[in-house]
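Structure file work.pdb; described as PDB, C-alpha atoms and all ligand atoms.
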ATOM      1  CA  MET I   1     -22.129 -27.058  28.650  1.00  0.00           C
ATOM      2  CA  PRO I   2     -21.215 -30.743  28.571  1.00  0.00           C
ATOM      3  CA  ARG I   3     -17.969 -31.743  30.294  1.00  0.00           C
ATOM      4  CA  GLY I   4     -16.286 -32.932  27.118  1.00  0.00           C
ATOM      5  CA  ASN I   5     -16.328 -29.481  25.572  1.00  0.00           C
ATOM      6  CA  GLN I   6     -14.883 -27.844  28.698  1.00  0.00           C
ATOM      7  CA  LYS I   7     -11.867 -30.131  28.448  1.00  0.00           C
ATOM      8  CA  LYS I   8     -11.371 -29.503  24.764  1.00  0.00           C
ATOM      9  CA  GLU I   9     -11.734 -25.730  24.540  1.00  0.00           C
ATOM     10  CA  PRO I  10      -8.748 -24.473  26.583  1.00  0.00           C
ATOM     11  CA  HIS I  11      -6.432 -26.571  24.456  1.00  0.00           C
ATOM     12  CA  LYS I  12      -7.892 -25.019  21.311  1.00  0.00           C
ATOM     13  CA  ASN I  13      -7.621 -21.498  22.735  1.00  0.00           C
ATOM     14  CA  ASN I  14      -3.971 -21.999  23.571  1.00  0.00           C
ATOM     15  CA  ARG I  15      -3.284 -23.152  20.064  1.00  0.00           C
ATOM     16  CA  ARG I  16      -5.086 -20.115  18.667  1.00  0.00           C
ATOM     17  CA  LYS I  17      -3.128 -17.767  20.964  1.00  0.00           C
ATOM     18  CA  ARG I  18       0.186 -19.306  19.933  1.00  0.00           C
ATOM     19  CA  TYR I  19      -0.756 -18.961  16.272  1.00  0.00           C
ATOM     20  CA  LYS I  20      -1.810 -15.334  16.776  1.00  0.00           C
ATOM     21  CA  LYS I  21       1.433 -14.423  18.552  1.00  0.00           C
ATOM     22  CA  ARG I  22       3.540 -15.935  15.804  1.00  0.00           C
ATOM     23  CA  HIS I  23       1.362 -14.393  13.103  1.00  0.00           C
ATOM     24  CA  PHE I  24       1.646 -10.868  14.542  1.00  0.00           C
ATOM     25  CA  LEU I  25       5.419 -11.206  14.932  1.00  0.00           C
ATOM     26  CA  MET I  26       5.711 -12.383  11.336  1.00  0.00           C
ATOM     27  CA  GLN I  27       3.620  -9.472  10.072  1.00  0.00           C
ATOM     28  CA  LYS I  28       5.748  -7.011  12.044  1.00  0.00           C
ATOM     29  CA  LEU I  29       8.944  -8.426  10.512  1.00  0.00           C
ATOM     30  CA  ALA I  30       7.372  -8.433   7.071  1.00  0.00           C
ATOM     31  CA  ARG I  31       6.361  -4.769   7.319  1.00  0.00           C
ATOM     32  CA  GLY I  32       9.908  -3.731   8.219  1.00  0.00           C
ATOM     33  CA  ARG I  33      11.383  -5.816   5.419  1.00  0.00           C
ATOM     34  CA  ILE I  34       9.007  -4.456   2.780  1.00  0.00           C
ATOM     35  CA  GLU I  35       9.914  -0.871   3.703  1.00  0.00           C
ATOM     36  CA  GLU I  36      13.645  -1.671   3.693  1.00  0.00           C
ATOM     37  CA  LEU I  37      13.511  -3.455   0.359  1.00  0.00           C
ATOM     38  CA  ILE I  38      11.670  -0.630  -1.393  1.00  0.00           C
ATOM     39  CA  GLU I  39      14.147   1.893   0.003  1.00  0.00           C
ATOM     40  CA  PHE I  40      17.044  -0.217  -1.253  1.00  0.00           C
ATOM     41  CA  ALA I  41      15.322  -0.319  -4.620  1.00  0.00           C
ATOM     42  CA  LYS I  42      15.044   3.487  -4.720  1.00  0.00           C
ATOM     43  CA  GLN I  43      18.731   3.853  -3.858  1.00  0.00           C
ATOM     44  CA  THR I  44      19.994   1.321  -6.396  1.00  0.00           C
ATOM     45  CA  HIS I  45      17.716   2.257  -9.305  1.00  0.00           C
ATOM     46  CA  SER I  46      20.139   4.820 -10.766  1.00  0.00           C
ATOM     47  CA  GLU I  47      22.992   2.280 -10.840  1.00  0.00           C
ATOM     48  CA  ASP I  48      21.221  -0.985 -11.539  1.00  0.00           C
ATOM     49  CA  PRO I  49      17.500  -0.846 -12.452  1.00  0.00           C
ATOM     50  CA  LYS I  50      17.280  -4.643 -12.814  1.00  0.00           C
ATOM     51  CA  LEU I  51      18.408  -5.137  -9.215  1.00  0.00           C
ATOM     52  CA  ALA I  52      15.932  -2.482  -8.062  1.00  0.00           C
ATOM     53  CA  ASN I  53      13.066  -4.282  -9.805  1.00  0.00           C
ATOM     54  CA  ARG I  54      14.214  -7.549  -8.241  1.00  0.00           C
ATOM     55  CA  TYR I  55      13.982  -5.897  -4.789  1.00  0.00           C
ATOM     56  CA  VAL I  56      10.446  -4.755  -5.597  1.00  0.00           C
ATOM     57  CA  THR I  57       9.369  -8.260  -6.644  1.00  0.00           C
ATOM     58  CA  ILE I  58      10.816  -9.696  -3.413  1.00  0.00           C
ATOM     59  CA  ALA I  59       8.947  -7.070  -1.367  1.00  0.00           C
ATOM     60  CA  ARG I  60       5.703  -7.882  -3.215  1.00  0.00           C
ATOM     61  CA  ASN I  61       6.177 -11.603  -2.664  1.00  0.00           C
ATOM     62  CA  ILE I  62       6.711 -11.051   1.069  1.00  0.00           C
ATOM     63  CA  ALA I  63       3.580  -8.883   1.212  1.00  0.00           C
ATOM     64  CA  MET I  64       1.465 -11.472  -0.590  1.00  0.00           C
ATOM     65  CA  GLY I  65       2.796 -14.414   1.402  1.00  0.00           C
ATOM     66  CA  THR I  66       2.203 -12.782   4.789  1.00  0.00           C
ATOM     67  CA  LYS I  67      -0.987 -10.886   3.790  1.00  0.00           C
ATOM     68  CA  VAL I  68       0.584  -7.568   4.800  1.00  0.00           C
ATOM     69  CA  ALA I  69      -0.505  -4.542   2.788  1.00  0.00           C
ATOM     70  CA  ILE I  70       2.269  -2.457   1.238  1.00  0.00           C
ATOM     71  CA  PRO I  71       1.863   1.063   2.730  1.00  0.00           C
ATOM     72  CA  ALA I  72       0.047   3.472   0.401  1.00  0.00           C
ATOM     73  CA  SER I  73       2.960   5.915   0.330  1.00  0.00           C
ATOM     74  CA  LEU I  74       5.267   3.184  -1.042  1.00  0.00           C
ATOM     75  CA  LYS I  75       2.654   1.556  -3.274  1.00  0.00           C
ATOM     76  CA  ARG I  76       2.635   4.630  -5.496  1.00  0.00           C
ATOM     77  CA  TYR I  77       6.227   3.930  -6.497  1.00  0.00           C
ATOM     78  CA  ILE I  78       5.234   0.584  -8.043  1.00  0.00           C
ATOM     79  CA  CYS I  79       3.522   0.352 -11.448  1.00  0.00           C
ATOM     80  CA  HIS I  80       0.148  -1.426 -11.323  1.00  0.00           C
ATOM     81  CA  ASN I  81       0.644  -3.049 -14.694  1.00  0.00           C
ATOM     82  CA  CYS I  82       4.297  -4.094 -15.021  1.00  0.00           C
ATOM     83  CA  LYS I  83       5.189  -4.036 -11.281  1.00  0.00           C
ATOM     84  CA  GLU I  84       8.372  -2.043 -11.861  1.00  0.00           C
ATOM     85  CA  LEU I  85       9.776   0.685  -9.623  1.00  0.00           C
ATOM     86  CA  LEU I  86       8.719   4.190 -10.689  1.00  0.00           C
ATOM     87  CA  VAL I  87      11.241   6.997 -10.323  1.00  0.00           C
ATOM     88  CA  PRO I  88       9.934  10.537 -10.971  1.00  0.00           C
ATOM     89  CA  GLY I  89      11.760  12.232 -13.843  1.00  0.00           C
ATOM     90  CA  LYS I  90      13.163   8.974 -15.213  1.00  0.00           C
ATOM     91  CA  ASN I  91      10.555   6.308 -15.389  1.00  0.00           C
ATOM     92  CA  MET I  92       7.363   8.103 -14.389  1.00  0.00           C
ATOM     93  CA  ARG I  93       5.381  11.225 -15.272  1.00  0.00           C
ATOM     94  CA  PHE I  94       3.519  12.954 -12.459  1.00  0.00           C
ATOM     95  CA  ARG I  95       0.622  15.365 -13.117  1.00  0.00           C
ATOM     96  CA  ILE I  96      -2.081  17.028 -11.064  1.00  0.00           C
ATOM     97  CA  ASN I  97      -5.379  17.432 -12.928  1.00  0.00           C
ATOM     98  CA  ASN I  98      -8.841  18.787 -12.226  1.00  0.00           C
ATOM     99  CA  LYS I  99     -12.192  17.654 -13.652  1.00  0.00           C
ATOM    100  CA  LYS I 100     -15.775  18.705 -13.013  1.00  0.00           C
ATOM    101  CA  ASN I 101     -17.869  16.146 -11.099  1.00  0.00           C
ATOM    102  CA  TYR I 102     -14.707  14.155 -10.429  1.00  0.00           C
ATOM    103  CA  GLY I 103     -12.421  16.388  -8.394  1.00  0.00           C
ATOM    104  CA  THR I 104      -8.699  16.952  -8.372  1.00  0.00           C
ATOM    105  CA  TYR I 105      -6.553  13.908  -8.944  1.00  0.00           C
ATOM    106  CA  VAL I 106      -2.954  12.917  -9.436  1.00  0.00           C
ATOM    107  CA  SER I 107      -2.163  10.924 -12.554  1.00  0.00           C
ATOM    108  CA  ILE I 108       0.985   8.835 -12.648  1.00  0.00           C
ATOM    109  CA  THR I 109       2.068   7.430 -16.012  1.00  0.00           C
ATOM    110  CA  CYS I 110       4.594   4.627 -16.269  1.00  0.00           C
ATOM    111  CA  LEU I 111       6.883   5.488 -19.192  1.00  0.00           C
ATOM    112  CA  SER I 112       8.054   1.910 -19.727  1.00  0.00           C
ATOM    113  CA  CYS I 113       4.601   0.374 -20.273  1.00  0.00           C
ATOM    114  CA  GLY I 114       2.352   3.448 -20.626  1.00  0.00           C
ATOM    115  CA  HIS I 115      -0.041   2.510 -17.828  1.00  0.00           C
ATOM    116  CA  ILE I 116      -1.794   5.417 -16.075  1.00  0.00           C
ATOM    117  CA  THR I 117      -2.942   5.276 -12.436  1.00  0.00           C
ATOM    118  CA  ARG I 118      -5.089   8.001 -10.914  1.00  0.00           C
ATOM    119  CA  TYR I 119      -5.418   8.894  -7.242  1.00  0.00           C
ATOM    120  CA  ILE I 120      -8.209  11.240  -6.168  1.00  0.00           C
ATOM    121  CA  ILE I 121      -7.003  13.873  -3.718  1.00  0.00           C
ATOM    122  CA  LYS I 122     -10.206  15.812  -3.259  1.00  0.00           C
ATOM    123  CA  GLY I 123     -13.581  15.637  -4.923  1.00  0.00           C
ATOM    124  CA  ARG I 124     -16.568  13.552  -6.009  1.00  0.00           C
ATOM    125  CA  ALA I 125     -18.812  16.053  -4.242  1.00  0.00           C
ATOM    126  CA  LYS I 126     -21.983  14.359  -5.596  1.00  0.00           C
ATOM    127  CA  ARG I 127     -21.821  11.421  -3.203  1.00  0.00           C
ATOM    128  CA  ASP I 128     -22.991  12.025   0.364  1.00  0.00           C
ATOM    129  CA  LYS I 129     -20.247  10.106   2.141  1.00  0.00           C
ATOM    130  CA  GLU I 130     -17.456  11.924   0.402  1.00  0.00           C
ATOM    131  CA  VAL I 131     -19.113  15.309   1.017  1.00  0.00           C
ATOM    132  CA  LYS I 132     -18.829  14.591   4.728  1.00  0.00           C
ATOM    133  CA  ASN I 133     -15.182  13.649   4.264  1.00  0.00           C
ATOM    134  CA  ASP I 134     -14.612  16.897   2.383  1.00  0.00           C
ATOM    135  CA  GLU I 135     -16.120  18.908   5.218  1.00  0.00           C
ATOM    136  CA  GLN I 136     -13.899  17.123   7.704  1.00  0.00           C
ATOM    137  CA  SER I 137     -10.827  17.838   5.609  1.00  0.00           C
ATOM    138  CA  LYS I 138     -11.844  21.517   5.298  1.00  0.00           C
ATOM    139  CA  ASN I 139     -12.197  21.762   9.068  1.00  0.00           C
ATOM    140  CA  ALA I 140      -8.777  20.159   9.442  1.00  0.00           C
ATOM    141  CA  TYR I 141      -7.305  22.742   7.063  1.00  0.00           C
ATOM    142  CA  ASN I 142      -8.967  25.592   8.960  1.00  0.00           C
ATOM    143  CA  SER I 143      -7.663  24.376  12.305  1.00  0.00           C
ATOM    144  CA  ASN I 144      -4.170  24.146  10.843  1.00  0.00           C
TER     145      ASN I 144
HETATM  146 ZN    ZN M   1       4.416   0.010 -15.983  1.00  0.00          ZN
END

Hey, can you dump this file as structure tokens for me?
Amino acid sequence: MPRGNQKKEPHKNNRRKRYKKRHFLMQKLARGRIEELIEFAKQTHSEDPKLANRYVTIARNIAMGTKVAIPASLKRYICHNCKELLVPGKNMRFRINNKKNYGTYVSITCLSCGHITRYIIKGRAKRDKEVKNDEQSKNAYNSN
């Protein structure tokens, strides 16, 4: 290595480390805030649905700005189409269905815009990868 590079690199590494530290801290804060905001939204939806939807938009903006993924368990409470909070029994219909060659899935319909989202729980046995996953899940069930 030439001498010039040796002088330059440590400086760069330090900068990168500082950036990483700050970035991780920011993501940690963002994760906590997203969870809090969606919980607030759930609590306030019965009294003030507009405020609840405002909380959801703020949480989504934080997630997009910091590149933090909204956890899957909370993501299911947000409509894919109109981005509103979904409350079972009020704003959302929740069904479990079963189809051949597709597997069992949960369908969630948003009653304000009519959009349907489907989450596969178990199935698609035709593909090799998912067969392996199925076997793993079966073993997990047996052990439990
Ligand atoms: Zn919707």

- Query: Could you list as an NGL selection string every residue that has an atom within 9 Å of (-0.6, 5.6, -5.7), using the file's coordinates and counting all atoms listed in the file?
  - Reply: :I and (72-79 or 106-108 or 117-119)

- Message: What would the selection look like, as a PyMOL selection string, if the PyMOL selection byres (((not hetatm)) within 6 of (chain M and resi 1)) were run on the coordinates I just shared?
- Response: chain I and resi 79+81-82+110+112-113+115

Store the residues picked out above, limited to C-alpha atoms, as a PDB file, keeping the file's coordinate frame.
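Result went into result_12.pdb, see below:
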ATOM      1  CA  CYS I  79       3.522   0.352 -11.448  1.00  0.00           C
ATOM      2  CA  ASN I  81       0.644  -3.049 -14.694  1.00  0.00           C
ATOM      3  CA  CYS I  82       4.297  -4.094 -15.021  1.00  0.00           C
ATOM      4  CA  CYS I 110       4.594   4.627 -16.269  1.00  0.00           C
ATOM      5  CA  SER I 112       8.054   1.910 -19.727  1.00  0.00           C
ATOM      6  CA  CYS I 113       4.601   0.374 -20.273  1.00  0.00           C
ATOM      7  CA  HIS I 115      -0.041   2.510 -17.828  1.00  0.00           C
TER       8      HIS I 115
END

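Atom pair atom CA of I:Arg22 / atom CA of I:Ala41: separated by 28.3 Å.
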
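Of the residues under consideration (I:Ser46, I:Gln27, I:Thr109, I:Asn13), I:Thr109 shows the shortest atom-to-atom contact distance to I:His80 when counting only C-alpha atoms.
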
- Query: Quick one, how far is atom CA of I:Asn53 from atom CA of I:Pro88?
  - Reply: 15.2 Å

- Query: Could you spell out the hits of the PyMOL selection byres (((chain I and resi 55-66) around 7) and not hetatm) on the shown file, as an MDAnalysis selection string?
  - Reply: chainID I and resid 27 30 34 37:38 41 51:54 67:70 85

Would you fill the gaps in stretch 92-117 of chain I so it has N, CA and C atoms, then print it as a PDB file, in the frame of the given file?
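After the write, selection_22.pdb holds the following:
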ATOM      1  N   MET I  92       8.737   7.804 -14.754  1.00  0.00           N
ATOM      2  CA  MET I  92       7.363   8.103 -14.389  1.00  0.00           C
ATOM      3  C   MET I  92       7.070   9.580 -14.647  1.00  0.00           C
ATOM      4  N   ARG I  93       5.819   9.837 -15.118  1.00  0.00           N
ATOM      5  CA  ARG I  93       5.381  11.225 -15.272  1.00  0.00           C
ATOM      6  C   ARG I  93       4.289  11.489 -14.236  1.00  0.00           C
ATOM      7  N   PHE I  94       4.352  12.644 -13.613  1.00  0.00           N
ATOM      8  CA  PHE I  94       3.519  12.954 -12.459  1.00  0.00           C
ATOM      9  C   PHE I  94       2.766  14.245 -12.736  1.00  0.00           C
ATOM     10  N   ARG I  95       1.415  14.175 -12.819  1.00  0.00           N
ATOM     11  CA  ARG I  95       0.622  15.365 -13.117  1.00  0.00           C
ATOM     12  C   ARG I  95      -0.525  15.505 -12.125  1.00  0.00           C
ATOM     13  N   ILE I  96      -0.880  16.768 -11.856  1.00  0.00           N
ATOM     14  CA  ILE I  96      -2.081  17.028 -11.064  1.00  0.00           C
ATOM     15  C   ILE I  96      -3.127  17.621 -11.990  1.00  0.00           C
ATOM     16  N   ASN I  97      -4.308  17.002 -12.028  1.00  0.00           N
ATOM     17  CA  ASN I  97      -5.379  17.432 -12.928  1.00  0.00           C
ATOM     18  C   ASN I  97      -6.643  17.761 -12.147  1.00  0.00           C
ATOM     19  N   ASN I  98      -7.574  18.407 -12.845  1.00  0.00           N
ATOM     20  CA  ASN I  98      -8.841  18.787 -12.226  1.00  0.00           C
ATOM     21  C   ASN I  98      -9.966  18.562 -13.228  1.00  0.00           C
ATOM     22  N   LYS I  99     -11.041  17.878 -12.786  1.00  0.00           N
ATOM     23  CA  LYS I  99     -12.192  17.654 -13.652  1.00  0.00           C
ATOM     24  C   LYS I  99     -13.459  17.957 -12.894  1.00  0.00           C
ATOM     25  N   LYS I 100     -14.482  18.448 -13.643  1.00  0.00           N
ATOM     26  CA  LYS I 100     -15.775  18.705 -13.013  1.00  0.00           C
ATOM     27  C   LYS I 100     -16.443  17.372 -12.677  1.00  0.00           C
ATOM     28  N   ASN I 101     -17.159  17.343 -11.571  1.00  0.00           N
ATOM     29  CA  ASN I 101     -17.869  16.146 -11.099  1.00  0.00           C
ATOM     30  C   ASN I 101     -16.919  14.999 -10.756  1.00  0.00           C
ATOM     31  N   TYR I 102     -15.661  15.213 -10.734  1.00  0.00           N
ATOM     32  CA  TYR I 102     -14.707  14.155 -10.429  1.00  0.00           C
ATOM     33  C   TYR I 102     -13.730  14.604  -9.349  1.00  0.00           C
ATOM     34  N   GLY I 103     -13.330  15.868  -9.409  1.00  0.00           N
ATOM     35  CA  GLY I 103     -12.421  16.388  -8.394  1.00  0.00           C
ATOM     36  C   GLY I 103     -10.988  16.461  -8.888  1.00  0.00           C
ATOM     37  N   THR I 104     -10.106  16.887  -7.998  1.00  0.00           N
ATOM     38  CA  THR I 104      -8.699  16.952  -8.372  1.00  0.00           C
ATOM     39  C   THR I 104      -8.060  15.599  -8.132  1.00  0.00           C
ATOM     40  N   TYR I 105      -7.208  15.211  -9.074  1.00  0.00           N
ATOM     41  CA  TYR I 105      -6.553  13.908  -8.944  1.00  0.00           C
ATOM     42  C   TYR I 105      -5.126  13.973  -9.465  1.00  0.00           C
ATOM     43  N   VAL I 106      -4.332  13.048  -8.978  1.00  0.00           N
ATOM     44  CA  VAL I 106      -2.954  12.917  -9.436  1.00  0.00           C
ATOM     45  C   VAL I 106      -2.915  11.780 -10.426  1.00  0.00           C
ATOM     46  N   SER I 107      -2.322  12.022 -11.601  1.00  0.00           N
ATOM     47  CA  SER I 107      -2.163  10.924 -12.554  1.00  0.00           C
ATOM     48  C   SER I 107      -0.682  10.592 -12.686  1.00  0.00           C
ATOM     49  N   ILE I 108      -0.392   9.311 -12.564  1.00  0.00           N
ATOM     50  CA  ILE I 108       0.985   8.835 -12.648  1.00  0.00           C
ATOM     51  C   ILE I 108       1.091   7.905 -13.846  1.00  0.00           C
ATOM     52  N   THR I 109       1.906   8.282 -14.839  1.00  0.00           N
ATOM     53  CA  THR I 109       2.068   7.430 -16.012  1.00  0.00           C
ATOM     54  C   THR I 109       3.413   6.727 -15.960  1.00  0.00           C
ATOM     55  N   CYS I 110       3.370   5.423 -16.181  1.00  0.00           N
ATOM     56  CA  CYS I 110       4.594   4.627 -16.269  1.00  0.00           C
ATOM     57  C   CYS I 110       5.116   4.759 -17.689  1.00  0.00           C
ATOM     58  N   LEU I 111       6.356   5.231 -17.858  1.00  0.00           N
ATOM     59  CA  LEU I 111       6.883   5.488 -19.192  1.00  0.00           C
ATOM     60  C   LEU I 111       7.406   4.223 -19.864  1.00  0.00           C
ATOM     61  N   SER I 112       7.570   3.140 -19.103  1.00  0.00           N
ATOM     62  CA  SER I 112       8.054   1.910 -19.727  1.00  0.00           C
ATOM     63  C   SER I 112       6.918   1.080 -20.314  1.00  0.00           C
ATOM     64  N   CYS I 113       5.712   1.146 -19.711  1.00  0.00           N
ATOM     65  CA  CYS I 113       4.601   0.374 -20.273  1.00  0.00           C
ATOM     66  C   CYS I 113       3.411   1.256 -20.638  1.00  0.00           C
ATOM     67  N   GLY I 114       3.419   2.528 -20.233  1.00  0.00           N
ATOM     68  CA  GLY I 114       2.352   3.448 -20.626  1.00  0.00           C
ATOM     69  C   GLY I 114       1.098   3.376 -19.778  1.00  0.00           C
ATOM     70  N   HIS I 115       1.142   2.639 -18.683  1.00  0.00           N
ATOM     71  CA  HIS I 115      -0.041   2.510 -17.828  1.00  0.00           C
ATOM     72  C   HIS I 115      -0.230   3.771 -16.991  1.00  0.00           C
ATOM     73  N   ILE I 116      -1.496   4.216 -16.862  1.00  0.00           N
ATOM     74  CA  ILE I 116      -1.794   5.417 -16.075  1.00  0.00           C
ATOM     75  C   ILE I 116      -2.596   5.018 -14.843  1.00  0.00           C
ATOM     76  N   THR I 117      -2.156   5.473 -13.657  1.00  0.00           N
ATOM     77  CA  THR I 117      -2.942   5.276 -12.436  1.00  0.00           C
ATOM     78  C   THR I 117      -3.341   6.637 -11.908  1.00  0.00           C
TER      79      THR I 117
END
